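Data first, discussion second: the structure below is written as structure tokens.
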Amino acid sequence: MTVIALGSEFNGDDGAGIEAAREIDGAVALGRPGASLLDWFDPEIALVIVDAVRSIPVGELVEIPLQSLSERASRAAASGTHDLGVAQAFELARALGRPLPRGVFVGVGGARFAPGAPMSEAVRAAIPALVARVIAARDALLNASHTSNEEPPPCTNTGSSPG
Amino acid sequence: MSERTFKVDLMTRVEGEGSFTLTVRDGAVVDARLAIFEAPRFFEAFLRGRGAHEVCDIVARICGICPIAYQMSAARALEQAMGLVTTPEIERVRRLIYCGEWIESHALHVFMLHAPDFLGYESAIEMARDHKPLVERGLRLKRAGNRLIECIGGRPSHPVSPRLGGFSRAPAKGALRALRDELSRCLDESVDAARWTRTLTMPELSNDYVFASLSGAEDYPLERATHVALSGRPSVPVESWGEAMVEKHVAHSNALQATLRDGTPYLCGPQARFFHHRDKLHPIARALADELALPTEVRNPFQSIMVRAVELAHAFADAIDIIDRYELPERAYTEGAPRAGVGYGATEAPRGLLWHRYETSDDGSIVSATIVPPTSQNQARIEADLRALGPSLLAMDHAAATVRAEQLIRSYDPCISCATHFLDLRVEREASCE
């Protein structure tokens with residue numbers, strides 16, 4: 001089980017996932033890993049991925065099973081980027097025929113993503129709820145593993161900081 | 001009169017956004033503009049007043065793809081300002097981590113960004129459905145570069161270990177040796193990949209370039225240099241590069257455009273390095289270039305993918321050699337005392353030379369900072385090449401012409417950091433009859 005936080009704390013609401021990760025033991029802040037996110041895809045290790053999203057009201061939380069995340073990919077965003085977003089990374093993995101990881105994506109709606117922008121008040125106010133939602137998702141996945149008598153893999157922490 | 005206008009929107013160099021417009025009227029290019037918004041200028045401003053030892057960590061944030069280039073150029077400049085001399089052992093580690101950056105950046109560009117243009121796909125994702133082994137190879141090579149960076153720098157992006165005088169911690173010999181097998185396999189794969197680039201259909205275009213690349217070191221230019229070599233012109237000491245080239249504002253862009261002082265655009269990056277230093281490539285890469293029949297003067301910008309692939313093999317081979325000779329340095333860094341001074345530093349980022357100048361005060365804080373990145377230096381050259389490409393687009397259908405223009409821009413591997421998208425191409429046609 002690994003909790004992965006994505007985003008940049010230097011881009012306003014995009015830092016919400018990183019901020020939440022500071023409150024969660026063992027969470028790995030990957031920043032914007034692009035295609036390198038695929039390096040963390042292991043069908044044996046469940047993931048909870050936390051990040052800010054644009055497509056829902058500011059401060060609202062959303063939970064999406066990872067297996068269906070690639071359906072949310074934006075073709076426009078995938079057409080020429082240096083780095084892939086999380087949905088495009090899943091779409092790439094699917095296109096390559098790689099097994100997708102189990103788990104859940106937890107997002108918080110954001111509005112400000114420009115470099116240097118301050119975090120929205122609504123997003124900042126939602127951080128505690130975001131942390132709670134991530135922890136609940138993590139615990140649910142851990143319980144499911146125990147229930148099925150699977151030995152959960154140890155938490156992974158590379159010591160990475162937000163990117 | 002007939003007129004066609006091609007536009008590329010939302011191109012960013014680091015964190016900003018830009019656009020390009022190409023207008024061809026009656027067969028002649030009447031307008032070729034590349035507009036880029038330069039986030040690094042903000043970095044120059046907020047570096048003022050910060051301590052010299054903070055600079056490497058701050059400038060690493062300019063780009064998620066080439067943070068080491070920024071760290072190394074800054075370290076060079078500030079070490080010169082402080083009179084700080086590093087050890088040969090540390091210099092080799094610097095070259096090694098820089099090899100990692102070239103590997104991850106070149107692999108990303110060759111396989112994920114540029115290859116879809118040649119193979120007719122909108123993205124690497126779409127290409128992956130039909131060319132799985134190719135994309136998997138690109139990901140493997142990129143991952144090897146990231147692992148090398150992480151081993152030395154503490155993490156795969158925005159590494160934290162590089163600092164003035166060296167590294168906060170030198171990598172353990174065993175940790176580097178543990179990477180050797182993977183790097184060796186990837187070297188073989190990179191050689192195969194370079195051979196594959198030869199099979200790609202290269203659009204025809206031939207330009208007369210002034211090639212600008214660092215020089216003065218024994219090795220293929222990377223982490224250190226004394227001069228900037230210019231084709232057909234005298235070389236320029238790194239300390240004088242700020243006078244040899246001129247950065248200027250253009251009306252259509254927030255970005256600064258660089259040209260030589262006489263207004264001549266120049267090209268930096270793989271083609272320039274290859275032109276000046278082909279003989280300094282690792283023997284494996286040099287033999288590869290010969291096998292590919294690459295001319296020393298690569299005048300077709302589309303062929304940059306071949307040169308980049310040769311440099312990818314070079315970086316793997318160079319890294320393996322450094323690891324094989326590596327011994328843990330006695331000291332990971334050399335300490336220097338703060339003092340007032342001016343320093344200049346230039347290194348070869350994956351996409352071209354990156355020049356820094358800093359002035360420090362008595363307490364070592366930054367008085368002024370100037371950062372001239374490679375994409376800024378290539379902008380005027382890109383516009384010139386778009387002008388050269390323009391007439392040939394008229395014979396093509398609309399979709400093919402837009403792809404071709406976009407493909408040309410990607411040939412320079414403009415440094416766009418972690419924004420969610422890079423190029424969103426829109427083409428508008430205008431035609432009227434007299």
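Chain labels follow the order of the structure tokens: the first chain is A, the next B, and so on; residue numbering restarts at 1 in every chain, and ligands are counted from 1 in their shown order.
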
**Message:** Give me the residues near segment 93-109 of chain A as number ranges by chain, where near means some atom within 9 Å (using only C-alpha atoms) and where sequence neighbours in that chain fewer than 6 positions away do not count.
**Reply:** A: 1, 13, 16-17, 38, 40-67, 69-70, 123, 126-127, 130, 133-134, 137-138, 141; B: 125-133, 135-136

**Message:** Env of Val307 of chain B: 9 Å cut, atoms = only C-alpha atoms, seq-sep filter 5 positions within chain, self excluded. Answer as a list in words.
**Reply:**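 In the requested form, the answer reads Ala194, Pro270, Gln271, Phe274, Ala289, Leu294, Val298 and Leu312 of chain B.
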
Create the file for the chosen residues now, containing C-alpha atoms and written as an mmCIF file, in the first residue's frame.
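This is the output file again_23.cif:
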```cif
data_model
loop_
_atom_site.group_PDB
_atom_site.id
_atom_site.type_symbol
_atom_site.label_atom_id
_atom_site.label_comp_id
_atom_site.auth_asym_id
_atom_site.auth_seq_id
_atom_site.Cartn_x
_atom_site.Cartn_y
_atom_site.Cartn_z
ATOM 1 C CA ALA B 194 19.832 5.316 -32.836
ATOM 2 C CA PRO B 270 22.760 18.524 -30.057
ATOM 3 C CA GLN B 271 23.518 19.617 -33.645
ATOM 4 C CA PHE B 274 27.971 17.376 -32.633
ATOM 5 C CA ALA B 289 27.433 8.322 -35.809
ATOM 6 C CA LEU B 294 25.582 11.474 -40.092
ATOM 7 C CA VAL B 298 23.697 18.468 -39.710
ATOM 8 C CA LEU B 312 21.859 9.305 -25.674
#
```

Counting only C-alpha atoms, which residues of segment 188-215 of chain B sit at most 10 Å from some atom of segment 235-249 of chain B, and what is each one's closest atom pair with its distance in Å to one decimal, listed by chain and rising residue number, as CSV?
```
residue,atom,partner,partner_atom,distance
B:Ala212,CA,B:Ser235,CA,9.0
B:Ser213,CA,B:Ser235,CA,9.5
B:Leu214,CA,B:Val238,CA,8.2
B:Ser215,CA,B:Ser235,CA,8.5
```

Let me see the file: selected residues, C-alpha atoms, as an mmCIF file, in the first residue's frame.
```cif
data_model
loop_
_atom_site.group_PDB
_atom_site.id
_atom_site.type_symbol
_atom_site.label_atom_id
_atom_site.label_comp_id
_atom_site.auth_asym_id
_atom_site.auth_seq_id
_atom_site.Cartn_x
_atom_site.Cartn_y
_atom_site.Cartn_z
ATOM 1 C CA ALA B 212 27.059 27.553 -30.705
ATOM 2 C CA SER B 213 28.358 25.012 -28.223
ATOM 3 C CA LEU B 214 30.574 25.036 -25.173
ATOM 4 C CA SER B 215 34.233 24.133 -25.645
#
```

**Request:** Run DSSP on the backbone and grab whatever in segment 336-401 of chain B lands in alpha helix (DSSP H); send it over as a count of residues only.
**Result:** 24

**Exercise: segment 72-77 of chain B partners within 7 Å, only C-alpha atoms, chain neighbours under 3 positions left out, as an MDAnalysis selection string** = chainID B and resid 56 68:69 80:81 163:164 223 343:347 354:358

**Request:** May I ask for the distance between atom CA of Ala32 of chain B and atom CA of Gly263 of chain B, given in Å to one decimal place?
**Result:** 16.3 Å
